[in-house]
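Written below as structure tokens is the structure these notes are about.
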Amino acid sequence: MTSDPTLLERLLAKRLLVPSGVDGLYGRSGAFESIIAGIDSIATRVSANDGTEWYRFPPAMARVEFERSGYMKSFPQLAGTVHAFCGDDHGHGLLIDQIEKGEDWSGGQEKTDLVLVPAACYPLYPMVGAQGPIRDGGRSFDIQSYTFRHEPSKDPARMQLFRMRENVRVGNQEQVLSFREMWIERAKAIMTELQLPFDIVPANDPFFGRTGRLLKASQREQGLKYELVIPVANTAPTACMSFNYHQDHFSQIWDLRFENGERAHTGCIGFGLERIALALLRHHDLDLERWPAPVRKALWGQ
Ligand code: AMP
Ligand code: ZN
């Protein structure tokens with residue numbers, strides 16, 4: 001008896017994704033990347049008149065800023081830190097020996113000044129803080145980066161390295177909340193144009209441990225996070241976009257203030273680029289040529 005191949009197996013068989021031997025770490029084919037480029041172009045098009053400042057950060061950030069962010073208090077299970085060999089000849093000999101014998105060679109690794117970026121907006125707030133007081137209307141940003149989360153899985157929509165395209169608003173409470181509302185409406189229009197079935201639902205982040213349970217409940221209760229979910233590979237729908245209101249959490253850490261001294265609030269909306277690409281593949285076809293013409297037009301203008 002043969003069973004239906006999973007979406008992951010079909011993606012690998014079609015070489016849309018390339019296996020690495022590690023769950024959640026894949027190469028992407030040209031066809032897969034053309035979908036990502038199409039989603040990126042839609043994100044650019046819908047926000048063309050927003051007066052957004054564009055920045056692109058590498059997928060690692062300064063360890064000291066990561067430490068200040070408090071990420072380890074909330075999500076220690078997801079973080080990836082960069083370590084490197086900093087020893088001498090003797091240490092090098094030991095290292096080679098351990099690798100050859102298949103022994104644990106991590107003891108000789110030392111922490112570097114880098115940590116992998118856990119969400120595309122994390123490197124932005126230290127920059128905004130360092131650039132000084134914020135003018136009245138606040139600031140809006142467009143960012144895109146590979147991000148890392150240590151959550152190995154056979155679900156192709158749960159990767160360890162994936163891209164987030166984010167729009168971030170730094171402003172007062174009202175500016176941030178209306179920005180989030182606007183993006184929820186834009187996201188609904190985009191998914192309708194892409195002919196994907198979706199729902200917008202209250203959500204919470206995967207805060208760690210016992211105290212994390214309380215944080216999850218309060219995040220939901222206060223309506224701080226919404227997600228746009230689409231059935232992808234799992235029986236449960238998968239979060240393909242998120243709409244987050246951080247209140248003044250990041251502003252307290254990096255002292256983001258208006259010219260009058262008032263503390264700013266922040267919010268971000270994130271496109272999970274791989275997840276949206278996977279949703280399109282799942283709902284249309286693994287062969288991009290067979291996608292509905294209006295969907296192709298929305299992505300690639302043809
Ligand atoms: P979050 O910061 O958790 O709200 O993530 C922002 C977006 O990134 C989510 O809405 C997803 O679309 C995407 N995302 C989160 N985790 C993963 C993952 N492990 N693999 C692929 N995409 C992810
Ligand atoms: Zn963000």
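Each chain of the structure tokens is named A, B, ... in the order shown, its residues numbered from 1; ligands are numbered from 1 in display order.
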Neighbouring residues of Ile253 in chain A were defined as those with any atom within 9 Å, considering only C-alpha atoms; residues of the same chain fewer than 3 positions away were excluded. Please report them as a ChimeraX atom specification.
/A:68-70,125-126,248-250,256
Kindly provide, as a PyMOL selection string, all nucleotide and amino acid residues lying within 6 Å of ligand 1, counting only C-alpha atoms and all ligand atoms.
chain A and resi 119+157-160+162+164+239-242+270-272+275
Environment of ligand 2 within 8 Å, counting only C-alpha atoms and all ligand atoms, reported as a ChimeraX atom specification:
/A:119-122,166-168,244,267-270
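With CA of Ala62 in chain A on one side and CA of Ala79 in chain A on the other, the separation reads 13.5 Å.
Nearest residue to Gly129 in chain A, choosing from A:Leu114, A:Ala264, A:Leu281, A:Ala236 and counting only C-alpha atoms: A:Ala264.
In this structure, CA of Leu280 in chain A sits 22.8 Å away from CA of Glu151 in chain A.
Using only C-alpha atoms, the smallest distance between any of A:Arg28, A:Arg135, A:Arg257, A:His150 and Gln77 in chain A comes from A:His150.
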Using only C-alpha atoms, find the one residue out of A:Gly171, A:Gly261, A:Pro5, A:Pro231 that sits nearest to Gln247 in chain A.
A:Gly171
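CA of Glu9 in chain A to CA of Glu193 in chain A spans 27.9 Å [interatomic distance, one decimal].
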